[in-house]
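Data block for work-v3.cif (mmCIF, C-alpha atoms):
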data_coords
#
loop_
_atom_site.label_atom_id
_atom_site.label_comp_id
_atom_site.auth_asym_id
_atom_site.auth_seq_id
_atom_site.Cartn_x
_atom_site.Cartn_y
_atom_site.Cartn_z
CA MET B 498 4.42 47.36 12.32
CA LYS B 499 3.28 45.65 9.16
CA THR B 500 3.75 41.93 8.76
CA TYR B 501 3.74 40.20 5.43
CA ILE B 502 2.69 36.62 5.22
CA THR B 503 3.29 34.61 2.10
CA ILE B 504 0.89 31.78 1.58
CA GLN B 505 2.29 28.97 -0.50
CA TYR B 506 -0.15 26.84 -2.37
CA TYR B 507 1.10 23.45 -3.28
CA GLY B 508 0.60 21.67 -6.60
CA ASP B 509 -2.93 20.49 -6.70
CA TYR B 510 -4.69 23.51 -5.25
CA GLY B 511 -5.45 25.37 -8.48
CA ASP B 512 -5.87 22.18 -10.46
CA ARG B 513 -8.59 20.97 -8.20
CA GLU B 514 -10.52 24.22 -8.44
CA THR B 515 -10.55 24.24 -12.22
CA ALA B 516 -10.96 20.51 -12.63
CA LYS B 517 -14.26 20.51 -10.77
CA GLU B 518 -15.79 23.08 -13.04
CA SER B 519 -14.85 21.53 -16.36
CA SER B 520 -15.15 17.88 -15.46
CA GLY B 521 -18.81 18.55 -14.66
CA ASN B 522 -19.47 19.29 -18.30
CA LEU B 523 -17.22 16.85 -20.09
CA PRO B 524 -16.55 13.92 -17.83
CA SER B 525 -15.35 11.49 -20.49
CA ASN B 526 -13.26 13.89 -22.57
CA ARG B 527 -11.12 14.98 -19.64
CA ASP B 528 -10.03 11.51 -18.67
CA TRP B 529 -7.33 9.67 -20.52
CA PRO B 530 -8.30 6.20 -21.73
CA LEU B 531 -7.54 3.17 -19.64
CA TRP B 532 -4.80 0.72 -20.69
CA GLU B 533 -4.08 -2.81 -19.56
CA VAL B 534 -0.44 -3.57 -18.85
CA PHE B 535 1.35 -6.87 -19.48
CA ILE B 536 4.88 -7.49 -18.27
CA ARG B 537 7.32 -10.24 -19.20
CA SER B 538 9.48 -10.85 -16.18
CA LYS B 539 12.25 -12.68 -18.03
CA MET B 540 13.14 -14.19 -21.35
CA GLY B 541 11.18 -17.33 -22.20
CA LEU B 542 8.21 -16.51 -19.98
CA ASP B 543 4.86 -15.15 -21.12
CA HIS B 544 3.72 -11.60 -20.68
CA LYS B 545 1.49 -11.50 -17.61
CA HIS B 546 -1.28 -9.06 -16.86
CA VAL B 547 -0.15 -6.85 -13.99
CA GLY B 548 -2.70 -4.06 -13.86
CA SER B 549 -3.97 -1.00 -15.63
CA LEU B 550 -3.29 2.71 -15.92
CA HIS B 551 -4.41 5.88 -17.66
CA ALA B 552 -2.51 7.39 -20.58
CA ALA B 553 -3.20 9.60 -23.58
CA ASP B 554 -1.68 7.24 -26.14
CA ALA B 555 0.33 4.03 -26.50
CA GLN B 556 3.70 5.76 -26.16
CA MET B 557 2.69 7.39 -22.89
CA ALA B 558 1.11 4.16 -21.71
CA ILE B 559 4.41 2.31 -22.12
CA GLU B 560 6.35 5.03 -20.30
CA ASN B 561 3.79 5.14 -17.51
CA ALA B 562 3.92 1.36 -17.25
CA ARG B 563 7.69 1.55 -16.96
CA ASP B 564 7.35 4.00 -14.09
CA VAL B 565 4.43 2.35 -12.32
CA TYR B 566 5.02 -1.37 -12.81
CA THR B 567 8.76 -1.98 -13.35
CA ARG B 568 10.29 0.03 -10.51
CA ARG B 569 11.41 -3.06 -8.67
CA GLN B 570 12.99 -4.94 -11.55
CA GLU B 571 9.77 -6.72 -12.42
CA GLY B 572 10.28 -6.89 -16.12
CA ILE B 573 12.20 -6.83 -19.36
CA SER B 574 9.35 -6.24 -21.77
CA ILE B 575 6.07 -4.34 -21.66
CA TRP B 576 2.87 -4.70 -23.67
CA VAL B 577 0.00 -2.27 -23.39
CA VAL B 578 -3.50 -2.70 -24.80
CA GLU B 579 -6.23 -0.15 -24.60
CA SER B 580 -8.81 -1.66 -22.28
CA LYS B 581 -11.71 -1.04 -24.67
CA ASN B 582 -10.07 -3.44 -27.13
CA ILE B 583 -10.34 -6.34 -24.74
CA HIS B 584 -13.48 -8.42 -25.15
CA ALA B 585 -14.55 -10.55 -22.24
CA SER B 586 -16.85 -13.48 -21.79
CA ASN B 587 -20.10 -12.87 -19.98
CA PRO B 588 -20.32 -14.24 -16.42
CA ASP B 589 -24.00 -15.06 -17.08
CA ASP B 590 -22.86 -17.61 -19.63
CA SER B 591 -20.83 -19.57 -17.14
CA ALA B 592 -23.37 -22.40 -16.84
CA SER B 593 -23.28 -23.18 -20.54
CA PHE B 594 -19.62 -22.29 -20.97
CA TYR B 595 -17.88 -24.13 -18.18
CA ASP B 596 -20.18 -26.58 -16.43
CA PRO B 597 -20.32 -29.12 -19.29
CA ALA B 598 -16.61 -29.82 -18.72
CA ASP B 599 -17.27 -30.95 -15.13
CA ASP B 600 -17.99 -34.63 -15.91
CA LYS B 601 -15.44 -35.05 -18.68
CA VAL B 602 -12.38 -35.93 -16.70
CA TYR B 603 -11.12 -38.06 -19.58
CA ARG B 604 -10.04 -34.81 -21.25
CA HIS B 605 -7.16 -34.65 -18.83
CA PRO B 606 -4.24 -36.74 -20.00
CA THR B 607 -4.16 -38.65 -16.73
CA PHE B 608 -5.15 -42.11 -17.97
CA TYR B 609 -1.86 -43.07 -19.57
CA GLU B 610 0.52 -45.43 -17.86
CA LEU B 611 3.90 -43.80 -17.81
CA PRO B 612 7.13 -45.77 -17.97
CA ASP B 613 9.24 -45.42 -14.80
CA GLU B 614 12.14 -43.94 -16.77
CA LEU B 615 10.05 -40.91 -17.60
CA LYS B 616 10.68 -38.42 -14.81
CA ALA B 617 9.83 -35.00 -16.13
CA MET B 618 6.05 -35.09 -16.49
CA MET N 1236 38.46 18.20 -7.26
CA PHE N 1237 36.37 18.37 -4.13
CA LEU N 1238 34.40 21.33 -5.50
CA LEU N 1239 33.76 19.61 -8.82
CA SER N 1240 32.13 16.62 -7.13
CA LEU N 1241 30.29 18.93 -4.79
CA GLN N 1242 28.92 20.97 -7.70
CA MET N 1243 27.47 17.92 -9.41
CA ALA N 1244 26.11 16.58 -6.14
CA ASP N 1245 24.40 19.88 -5.32
CA ASP N 1246 22.74 20.00 -8.74
CA ALA N 1247 21.40 16.50 -8.32
CA LEU N 1248 20.27 16.91 -4.71
CA LEU N 1249 18.42 20.18 -5.16
CA LEU N 1250 16.67 19.18 -8.36
CA GLY N 1251 15.78 15.88 -6.73
CA HIS N 1252 14.34 17.77 -3.78
CA ARG N 1253 12.32 20.09 -6.02
CA ASN N 1254 10.92 17.12 -7.92
CA SER N 1255 10.11 15.32 -4.69
CA GLU N 1256 7.81 18.24 -3.83
CA TRP N 1257 5.46 16.79 -6.46
CA THR N 1258 5.09 13.52 -4.59
CA GLY N 1259 1.42 13.26 -3.68
CA HIS N 1260 0.65 16.36 -5.78
CA GLY N 1261 1.32 15.12 -9.32
CA PRO N 1262 -1.23 15.77 -12.06
CA ASN N 1263 -2.21 12.10 -11.98
CA LEU N 1264 -1.05 8.92 -10.33
CA GLU N 1265 1.21 7.81 -13.19
CA GLN N 1266 3.07 11.12 -13.47
CA ASP N 1267 3.24 11.44 -9.70
CA ILE N 1268 5.19 8.19 -9.66
CA ALA N 1269 7.27 9.16 -12.69
CA ILE N 1270 8.46 12.45 -11.20
CA SER N 1271 9.12 10.78 -7.84
CA ASN N 1272 11.20 8.12 -9.60
CA ILE N 1273 13.25 10.85 -11.21
CA ALA N 1274 13.64 12.56 -7.85
CA LEU N 1275 14.97 9.31 -6.41
CA ASP N 1276 17.36 8.82 -9.32
CA LEU N 1277 18.75 12.30 -8.76
CA ILE N 1278 19.11 11.92 -5.01
CA GLY N 1279 20.93 8.65 -5.66
CA GLN N 1280 23.34 10.45 -7.97
CA ALA N 1281 23.79 13.16 -5.36
CA ARG N 1282 24.73 10.53 -2.76
CA ASN N 1283 27.41 9.10 -5.01
CA PHE N 1284 28.94 12.49 -5.69
CA TYR N 1285 28.69 13.56 -2.02
CA GLN N 1286 30.36 10.38 -0.88
CA TYR N 1287 33.20 11.01 -3.27
CA ALA N 1288 33.41 14.68 -2.27
CA ALA N 1289 33.56 13.68 1.40
CA PHE N 1290 36.31 11.19 0.61
CA GLN N 1291 38.34 13.89 -1.12
CA PHE N 1292 37.77 16.30 1.73
CA ASN N 1293 38.93 13.79 4.32
CA GLU N 1294 42.01 12.93 2.28
CA ASN N 1295 43.14 16.50 2.02
CA ARG N 1296 41.46 18.37 4.81
CA THR N 1297 43.87 21.27 5.07
CA ALA N 1298 43.40 22.21 1.43
CA TYR N 1299 39.59 22.29 1.53
CA GLU N 1300 38.82 23.36 5.08
CA GLY N 1301 38.62 27.05 4.26
CA LEU N 1302 35.90 26.48 1.67
CA ILE N 1303 33.10 25.78 4.12
CA ASN N 1304 32.57 28.09 7.05
CA SER N 1305 29.08 27.42 8.29
CA PRO N 1306 29.17 27.03 12.09
CA ALA N 1307 27.34 23.71 12.05
CA PHE N 1308 29.85 22.31 9.61
CA GLN N 1309 32.79 23.54 11.66
CA GLN N 1310 31.67 21.35 14.53
CA VAL N 1311 32.27 18.16 12.59
CA ALA N 1312 35.58 17.10 14.06
CA GLU N 1313 35.94 13.60 12.67
CA ASN N 1314 35.81 12.49 9.06
CA LEU N 1315 33.01 13.94 6.96
CA ASP N 1316 30.27 11.92 5.40
CA GLU N 1317 27.70 12.60 2.69
CA ASP N 1318 25.08 13.81 5.18
CA ASP N 1319 27.34 16.49 6.61
CA LEU N 1320 27.77 17.93 3.15
CA ALA N 1321 24.06 17.89 2.40
CA TYR N 1322 22.72 19.08 5.74
CA LEU N 1323 25.32 21.28 7.37
CA ARG N 1324 26.36 23.75 4.70
CA ASP N 1325 24.78 27.16 4.33
CA ALA N 1326 23.25 28.50 1.12
CA ASN N 1327 26.36 30.39 0.00
CA GLU N 1328 28.35 27.16 0.21
CA PHE N 1329 26.18 25.37 -2.32
CA ARG N 1330 27.65 25.28 -5.82
CA ASN N 1331 24.60 24.24 -7.85
CA HIS N 1332 23.36 25.94 -11.01
CA LEU N 1333 20.64 28.49 -10.26
CA LEU N 1334 18.31 26.58 -12.58
CA VAL N 1335 17.84 23.68 -10.15
CA GLU N 1336 17.00 25.70 -7.05
CA LEU N 1337 14.04 27.68 -8.48
CA ASN N 1338 10.60 26.86 -7.04
CA LYS N 1339 8.95 23.97 -8.75
CA GLY N 1340 6.30 26.17 -10.38
CA ASP N 1341 3.55 24.50 -12.39
CA TRP N 1342 3.89 21.20 -14.26
CA ALA N 1343 5.11 22.96 -17.43
CA PHE N 1344 7.82 24.73 -15.45
CA THR N 1345 8.99 21.51 -13.82
CA ILE N 1346 9.00 19.66 -17.15
CA THR N 1347 10.88 22.37 -19.01
CA ARG N 1348 13.50 22.68 -16.30
CA GLN N 1349 13.92 18.91 -16.19
CA PHE N 1350 14.39 18.81 -19.94
CA PHE N 1351 17.04 21.55 -19.89
CA ILE N 1352 18.99 19.98 -17.04
CA SER N 1353 18.68 16.38 -18.17
CA LEU N 1354 19.97 17.29 -21.63
CA TYR N 1355 22.91 19.05 -20.01
CA GLN N 1356 23.57 16.08 -17.71
CA GLN N 1357 23.37 13.74 -20.69
CA HIS N 1358 26.24 15.61 -22.35
CA LEU N 1359 28.15 15.95 -19.10
CA TYR N 1360 27.92 12.31 -18.02
CA SER N 1361 28.64 11.00 -21.52
CA ASP N 1362 31.93 12.88 -21.46
CA LEU N 1363 32.69 12.07 -17.82
CA GLN N 1364 32.55 8.37 -18.61
CA LYS N 1365 35.89 8.95 -20.30
CA SER N 1366 37.23 11.05 -17.42
CA SER N 1367 40.73 10.42 -16.14
CA ASP N 1368 39.21 10.24 -12.65
CA ARG N 1369 38.03 6.64 -12.40
CA GLN N 1370 35.53 7.19 -9.61
CA ILE N 1371 33.82 10.07 -11.41
CA ALA N 1372 33.79 8.04 -14.62
CA ALA N 1373 32.06 5.17 -12.79
CA ILE N 1374 29.41 7.41 -11.24
CA ALA N 1375 28.79 9.03 -14.62
CA GLU N 1376 28.37 5.67 -16.32
CA LYS N 1377 25.78 4.55 -13.80
CA SER N 1378 23.92 7.86 -13.84
CA LEU N 1379 23.82 8.20 -17.60
CA LYS N 1380 21.33 5.35 -17.98
CA GLU N 1381 18.96 7.16 -15.65
CA VAL N 1382 19.50 10.50 -17.31
CA ASN N 1383 18.82 9.08 -20.78
CA TYR N 1384 15.38 8.14 -19.54
CA HIS N 1385 14.86 11.57 -17.96
CA VAL N 1386 15.64 13.19 -21.30
CA ARG N 1387 13.23 10.92 -23.09
CA TRP N 1388 10.47 11.41 -20.55
CA SER N 1389 10.77 15.20 -20.21
CA GLY N 1390 11.26 15.60 -23.97
CA GLU N 1391 8.00 13.73 -24.59
CA TRP N 1392 6.23 16.05 -22.21
CA VAL N 1393 7.71 19.20 -23.73
CA ILE N 1394 6.21 18.11 -27.05
CA ARG N 1395 2.89 17.05 -25.56
CA LEU N 1396 2.40 20.27 -23.66
CA GLY N 1397 3.78 22.58 -26.34
CA ASP N 1398 1.64 20.93 -28.99
CA GLY N 1399 -1.30 20.29 -26.67
CA THR N 1400 -4.09 22.66 -25.76
CA GLU N 1401 -4.03 26.43 -25.85
CA GLU N 1402 -3.63 26.43 -22.07
CA SER N 1403 -0.71 23.98 -22.03
CA HIS N 1404 1.02 25.87 -24.84
CA ARG N 1405 0.64 29.15 -22.95
CA ARG N 1406 2.07 27.60 -19.80
CA MET N 1407 5.02 26.15 -21.68
CA ARG N 1408 5.83 29.52 -23.22
CA SER N 1409 5.68 31.20 -19.88
CA ALA N 1410 7.93 28.50 -18.36
CA ILE N 1411 10.48 28.90 -21.14
CA ASP N 1412 10.45 32.69 -20.78
CA GLN N 1413 11.15 32.37 -17.06
CA LEU N 1414 13.77 29.65 -17.34
CA TRP N 1415 15.76 30.62 -20.38
CA GLN N 1416 17.91 33.22 -18.63
CA TYR N 1417 19.18 30.50 -16.28
CA THR N 1418 20.34 28.10 -19.00
CA GLY N 1419 23.43 30.09 -20.01
CA GLU N 1420 25.11 29.33 -16.69
CA LEU N 1421 25.31 25.64 -17.58
CA PHE N 1422 27.92 26.42 -20.20
CA ILE N 1423 30.10 28.91 -18.36
CA PRO N 1424 32.77 26.96 -16.48
CA ALA N 1425 33.56 27.94 -12.89
CA ASP N 1426 37.25 28.17 -11.96
CA TYR N 1427 37.27 24.69 -10.43
CA GLN N 1428 35.69 23.31 -13.60
CA GLU N 1429 38.39 24.96 -15.68
CA LYS N 1430 41.01 23.39 -13.49
CA ALA N 1431 39.37 20.00 -13.94
CA VAL N 1432 39.46 20.56 -17.70
CA GLN N 1433 43.21 21.08 -17.52
CA LEU N 1434 43.60 17.85 -15.57
CA GLY N 1435 41.60 15.88 -18.14
CA ILE N 1436 38.82 15.11 -15.68
CA LEU N 1437 36.19 17.22 -17.38
CA VAL N 1438 35.46 18.45 -20.90
CA ASN N 1439 34.79 22.18 -20.95
CA PRO N 1440 30.99 22.46 -20.55
CA GLY N 1441 31.05 25.38 -23.01
CA THR N 1442 31.55 22.82 -25.77
CA TYR N 1443 28.16 21.22 -25.05
CA ARG N 1444 26.28 24.35 -25.90
CA GLU N 1445 25.83 23.84 -29.62
CA SER N 1446 24.67 20.26 -29.40
CA TRP N 1447 22.43 21.06 -26.41
CA MET N 1448 20.87 23.93 -28.34
CA ALA N 1449 20.30 21.74 -31.40
CA LYS N 1450 18.44 19.17 -29.31
CA VAL N 1451 16.33 21.80 -27.58
CA ARG N 1452 15.52 23.30 -30.97
CA ALA N 1453 14.53 19.91 -32.39
CA ALA N 1454 12.12 19.29 -29.52
CA PHE N 1455 10.77 22.84 -29.62
CA ASP N 1456 10.17 22.62 -33.39
CA GLN N 1457 8.05 19.54 -32.85
CA ALA N 1458 6.26 21.21 -29.98
CA GLY N 1459 5.59 24.43 -31.86
CA LEU N 1460 7.69 26.40 -29.35
CA VAL N 1461 10.35 29.00 -29.99
CA ILE N 1462 13.73 29.52 -28.32
CA PRO N 1463 13.81 33.02 -26.82
CA GLU N 1464 16.34 35.43 -28.25
CA SER N 1465 17.29 37.21 -25.05
CA GLY N 1466 21.00 37.00 -24.41
CA TRP N 1467 20.97 37.95 -20.72
CA THR N 1468 22.28 35.20 -18.48
CA GLN N 1469 21.80 34.82 -14.73
CA LYS N 1470 24.85 33.33 -13.10
CA GLY N 1471 26.66 32.95 -9.82
CA GLY N 1472 25.22 29.70 -8.48
CA LYS N 1473 28.43 27.79 -9.06
CA GLN N 1474 30.27 30.43 -7.05
CA GLY N 1475 27.77 30.31 -4.19
CA ILE N 1476 25.68 33.35 -5.12
CA HIS N 1477 22.08 32.19 -5.17
CA THR N 1478 18.48 33.26 -5.66
CA GLU N 1479 16.21 33.69 -2.65
CA HIS N 1480 14.55 30.36 -3.45
CA LEU N 1481 17.50 28.36 -2.15
CA GLY N 1482 17.20 29.62 1.41
CA TYR N 1483 13.61 28.38 1.69
CA LEU N 1484 14.52 25.07 0.13
CA LEU N 1485 17.38 24.50 2.56
CA ALA N 1486 15.25 25.54 5.52
CA GLU N 1487 12.96 22.63 4.73
CA LEU N 1488 15.66 20.20 3.65
CA GLN N 1489 17.98 20.80 6.58
CA TYR N 1490 15.52 21.59 9.35
CA LEU N 1491 15.58 18.23 11.08
CA GLN N 1492 19.35 17.79 11.17
CA ARG N 1493 19.91 21.36 12.27
CA SER N 1494 17.31 21.18 15.05
CA TYR N 1495 18.17 17.69 16.25
CA PRO N 1496 21.80 17.16 15.27
CA GLY N 1497 22.71 13.57 14.53
CA SER N 1498 19.16 12.28 14.80
CA SER N 1499 18.35 9.28 12.65
CA TRP N 1500 15.42 6.98 12.00
#

Entire entry expressed as structure tokens:
Amino acid sequence: MKTYITIQYYGDYGDRETAKESSGNLPSNRDWPLWEVFIRSKMGLDHKHVGSLHAADAQMAIENARDVYTRRQEGISIWVVESKNIHASNPDDSASFYDPADDKVYRHPTFYELPDELKAM
Amino acid sequence: MFLLSLQMADDALLLGHRNSEWTGHGPNLEQDIAISNIALDLIGQARNFYQYAAFQFNENRTAYEGLINSPAFQQVAENLDEDDLAYLRDANEFRNHLLVELNKGDWAFTITRQFFISLYQQHLYSDLQKSSDRQIAAIAEKSLKEVNYHVRWSGEWVIRLGDGTEESHRRMRSAIDQLWQYTGELFIPADYQEKAVQLGILVNPGTYRESWMAKVRAAFDQAGLVIPESGWTQKGGKQGIHTEHLGYLLAELQYLQRSYPGSSW
């Protein structure tokens, strides 16, 4: 008696096979650019950085951010910025950038005498 | 109206199940989460419709009892709940459109199917919001917000893939060729839908066709895709006549409850 067996391949089987071959040649072209995501949790608050994701363009980045970062009612507004457009300070500069502020406590507004009536400070 | 609720629940459950098969297998992390979100939306809609169907069944048991004959279902002596309807019916007692039960295929197939169904649901739920049945109107109102996003998301992807690479365009065309014959069924009312039309609960789904077609055409034009001309329509799902795919789906979906009745976690 003949038996027929159907083998079911799920989703990523074929993708993985082909991805290996082509990503070897063109690593950067196959990957979508990285985007940084900022979410405003409610009116009146600032947008806060929440993470990053991959997307082909800004439209897709916003939709992906909606699906990845606002599933649990985290936000009411989304900003996305392509990561390459963010310029960062260099950690090597930290001595000259930040240390000089160490002995300048007078830059904090803590030397004023406040009247007792003033509560919300 | 038991069958009407059941029909909409079955559509939502089975498509939700098919989409959930992508969880952990999506083309990338972001889309994996997106398709799983949609699956959850749909299963949520299914629950609402099943709960209402169960309520109607319990209210008027004698009228509806003959409709479901699967042995497992017959053993439910007390009042039905949503799980009984999902897990204990056999394939020929499901009333979903054939479109939702087909294997998930590749990403293009899943996207195209989602787009076709979500557009249909968008029309359906928009009208049902005005339904004379208050419960159905409430479920439709809640679900419509989700479906509007599904339309937007799947529509975006239809355009991206259709207008993308040669490979993605080829896959989209093949998906459309396979799926098109199943779209006609959406617009042919079953007898229980016709009855609901008479009662003012439902608008005849046949009336959605033109607007549905216009929206598909608009997306396809942008995507560089063409609507097939073939007029042949597969039908029967709403009457319980299904493709072979449904049996395999139910085997997986219902296995646990059938093997270990009443088990929970």

Show me which bits of chain N are within 7 Å of chain B, counting all atoms listed in the file, as a PDB file with C-alpha atoms, keeping the file's coordinate frame.
ATOM      1  CA  TRP N1257       5.460  16.790  -6.460  1.00  0.00           C
ATOM      2  CA  HIS N1260       0.650  16.360  -5.780  1.00  0.00           C
ATOM      3  CA  GLU N1265       1.210   7.810 -13.190  1.00  0.00           C
ATOM      4  CA  ILE N1268       5.190   8.190  -9.660  1.00  0.00           C
ATOM      5  CA  ALA N1269       7.270   9.160 -12.690  1.00  0.00           C
TER       6      ALA N1269
END

Counting only C-alpha atoms, what is within 8 Å of Pro1440 of chain N, bar same-chain residues fewer than 5 positions away, as JSON, numbers by chain? {"N": [1359, 1421, 1422, 1423, 1424]}

Please expand the PyMOL selection byres ((chain B and resi 579) around 12) into the concrete residues it hits in this file, giving the result as a VMD selection string. chain B and resid 529 to 535 548 to 559 576 to 578 580 to 584

Next, the residues of the selection above should be written as a PDB file, keeping the file's coordinate frame with C-alpha atoms.
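Now in result26.pdb:
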ATOM      1  CA  TRP B 529      -7.330   9.670 -20.520  1.00  0.00           C
ATOM      2  CA  PRO B 530      -8.300   6.200 -21.730  1.00  0.00           C
ATOM      3  CA  LEU B 531      -7.540   3.170 -19.640  1.00  0.00           C
ATOM      4  CA  TRP B 532      -4.800   0.720 -20.690  1.00  0.00           C
ATOM      5  CA  GLU B 533      -4.080  -2.810 -19.560  1.00  0.00           C
ATOM      6  CA  VAL B 534      -0.440  -3.570 -18.850  1.00  0.00           C
ATOM      7  CA  PHE B 535       1.350  -6.870 -19.480  1.00  0.00           C
ATOM      8  CA  GLY B 548      -2.700  -4.060 -13.860  1.00  0.00           C
ATOM      9  CA  SER B 549      -3.970  -1.000 -15.630  1.00  0.00           C
ATOM     10  CA  LEU B 550      -3.290   2.710 -15.920  1.00  0.00           C
ATOM     11  CA  HIS B 551      -4.410   5.880 -17.660  1.00  0.00           C
ATOM     12  CA  ALA B 552      -2.510   7.390 -20.580  1.00  0.00           C
ATOM     13  CA  ALA B 553      -3.200   9.600 -23.580  1.00  0.00           C
ATOM     14  CA  ASP B 554      -1.680   7.240 -26.140  1.00  0.00           C
ATOM     15  CA  ALA B 555       0.330   4.030 -26.500  1.00  0.00           C
ATOM     16  CA  GLN B 556       3.700   5.760 -26.160  1.00  0.00           C
ATOM     17  CA  MET B 557       2.690   7.390 -22.890  1.00  0.00           C
ATOM     18  CA  ALA B 558       1.110   4.160 -21.710  1.00  0.00           C
ATOM     19  CA  ILE B 559       4.410   2.310 -22.120  1.00  0.00           C
ATOM     20  CA  TRP B 576       2.870  -4.700 -23.670  1.00  0.00           C
ATOM     21  CA  VAL B 577       0.000  -2.270 -23.390  1.00  0.00           C
ATOM     22  CA  VAL B 578      -3.500  -2.700 -24.800  1.00  0.00           C
ATOM     23  CA  SER B 580      -8.810  -1.660 -22.280  1.00  0.00           C
ATOM     24  CA  LYS B 581     -11.710  -1.040 -24.670  1.00  0.00           C
ATOM     25  CA  ASN B 582     -10.070  -3.440 -27.130  1.00  0.00           C
ATOM     26  CA  ILE B 583     -10.340  -6.340 -24.740  1.00  0.00           C
ATOM     27  CA  HIS B 584     -13.480  -8.420 -25.150  1.00  0.00           C
TER      28      HIS B 584
END

Selection dump of the PyMOL selection byres ((chain N and resi 1463) around 10), as a ChimeraX atom specification: /N:1408,1411-1412,1415-1416,1460-1462,1464-1466

Any chance you could work out the residue set of the PyMOL selection byres ((chain N and resi 1305) around 10) here, as a list in words?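 Written out, the selection comes to Leu1302, Ile1303, Asn1304, Pro1306, Ala1307, Phe1308, Gln1309, Gln1310, Leu1323, Arg1324, Asp1325, Ala1326, Asn1327 and Glu1328 of chain N.
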
Include C-alpha atoms and write out the residues we just selected as a PDB file, keeping the file's coordinate frame.
ATOM      1  CA  LEU N1302      35.900  26.480   1.670  1.00  0.00           C
ATOM      2  CA  ILE N1303      33.100  25.780   4.120  1.00  0.00           C
ATOM      3  CA  ASN N1304      32.570  28.090   7.050  1.00  0.00           C
ATOM      4  CA  PRO N1306      29.170  27.030  12.090  1.00  0.00           C
ATOM      5  CA  ALA N1307      27.340  23.710  12.050  1.00  0.00           C
ATOM      6  CA  PHE N1308      29.850  22.310   9.610  1.00  0.00           C
ATOM      7  CA  GLN N1309      32.790  23.540  11.660  1.00  0.00           C
ATOM      8  CA  GLN N1310      31.670  21.350  14.530  1.00  0.00           C
ATOM      9  CA  LEU N1323      25.320  21.280   7.370  1.00  0.00           C
ATOM     10  CA  ARG N1324      26.360  23.750   4.700  1.00  0.00           C
ATOM     11  CA  ASP N1325      24.780  27.160   4.330  1.00  0.00           C
ATOM     12  CA  ALA N1326      23.250  28.500   1.120  1.00  0.00           C
ATOM     13  CA  ASN N1327      26.360  30.390   0.000  1.00  0.00           C
ATOM     14  CA  GLU N1328      28.350  27.160   0.210  1.00  0.00           C
TER      15      GLU N1328
END

Taking (5.4, -8.2, -19.7) in the file's coordinates, which residues come within 7 Å, counting all atoms listed in the file, written as a VMD selection string? chain B and resid 535 to 538 544 to 545 572 to 576

Please produce an output containing C-alpha atoms for each residue in the selection, written as an mmCIF file, keeping the file's coordinate frame.
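Result went into result31.cif, see below:
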data_model
loop_
_atom_site.group_PDB
_atom_site.id
_atom_site.type_symbol
_atom_site.label_atom_id
_atom_site.label_comp_id
_atom_site.auth_asym_id
_atom_site.auth_seq_id
_atom_site.Cartn_x
_atom_site.Cartn_y
_atom_site.Cartn_z
ATOM 1 C CA PHE B 535 1.350 -6.870 -19.480
ATOM 2 C CA ILE B 536 4.880 -7.490 -18.270
ATOM 3 C CA ARG B 537 7.320 -10.240 -19.200
ATOM 4 C CA SER B 538 9.480 -10.850 -16.180
ATOM 5 C CA HIS B 544 3.720 -11.600 -20.680
ATOM 6 C CA LYS B 545 1.490 -11.500 -17.610
ATOM 7 C CA GLY B 572 10.280 -6.890 -16.120
ATOM 8 C CA ILE B 573 12.200 -6.830 -19.360
ATOM 9 C CA SER B 574 9.350 -6.240 -21.770
ATOM 10 C CA ILE B 575 6.070 -4.340 -21.660
ATOM 11 C CA TRP B 576 2.870 -4.700 -23.670
#

With a distance cut-off of 8 Å and only C-alpha atoms, select the neighbouring residues of Glu1317 of chain N, excluding the residue or stretch itself and same-chain residues fewer than 2 positions from it, and output the selection as a list in words.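 Listed by chain and then number, they are Arg1282, Tyr1285, Gln1286, Ala1288, Ala1289, Leu1315, Asp1319, Leu1320 and Ala1321 of chain N.
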
Could you jot down the atom CA of Lys1377 of chain N to atom CA of Ser1361 of chain N separation for me, Å, one decimal place?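 These two atoms are separated by 10.5 Å.
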
Do a neighbour search on Asn1293 of chain N at 10 Å with only C-alpha atoms, toss out local chain neighbours closer than 4 positions, and write the hits as a count of residues only. 12

So which residues fall inside 12 Å of (23.3, 32.7, -12.2) if we count only C-alpha atoms? Mind giving them as a PyMOL selection string? chain N and resi 1330-1337+1414-1425+1467-1479

Hey, can you check how far atom CA of Phe608 of chain B sits from atom CA of Phe594 of chain B?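 Interatomic distance here is 24.7 Å.
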
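Our summary of the geometry notes that atom CA of Tyr1360 of chain N is positioned 8.6 Å from atom CA of Val1382 of chain N.
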
Box in all listed atoms of segment 1302-1307 of chain N, axis-aligned, with 3 Å more on each side; write out centre and edge lengths in Å to one decimal as lines of an AutoDock Vina configuration file.
center_x = 31.6
center_y = 25.9
center_z = 6.9
size_x = 14.6
size_y = 10.4
size_z = 16.4

Can you pull out every residue within 12 Å of Ser1367 of chain N, counting only C-alpha atoms, but drop anything in the same chain fewer than 6 positions away, and send it as an mmCIF file with C-alpha atoms, keeping the file's coordinate frame?
data_model
loop_
_atom_site.group_PDB
_atom_site.id
_atom_site.type_symbol
_atom_site.label_atom_id
_atom_site.label_comp_id
_atom_site.auth_asym_id
_atom_site.auth_seq_id
_atom_site.Cartn_x
_atom_site.Cartn_y
_atom_site.Cartn_z
ATOM 1 C CA ALA N 1373 32.060 5.170 -12.790
ATOM 2 C CA ALA N 1431 39.370 20.000 -13.940
ATOM 3 C CA VAL N 1432 39.460 20.560 -17.700
ATOM 4 C CA GLN N 1433 43.210 21.080 -17.520
ATOM 5 C CA LEU N 1434 43.600 17.850 -15.570
ATOM 6 C CA GLY N 1435 41.600 15.880 -18.140
ATOM 7 C CA ILE N 1436 38.820 15.110 -15.680
ATOM 8 C CA LEU N 1437 36.190 17.220 -17.380
ATOM 9 C CA VAL N 1438 35.460 18.450 -20.900
#
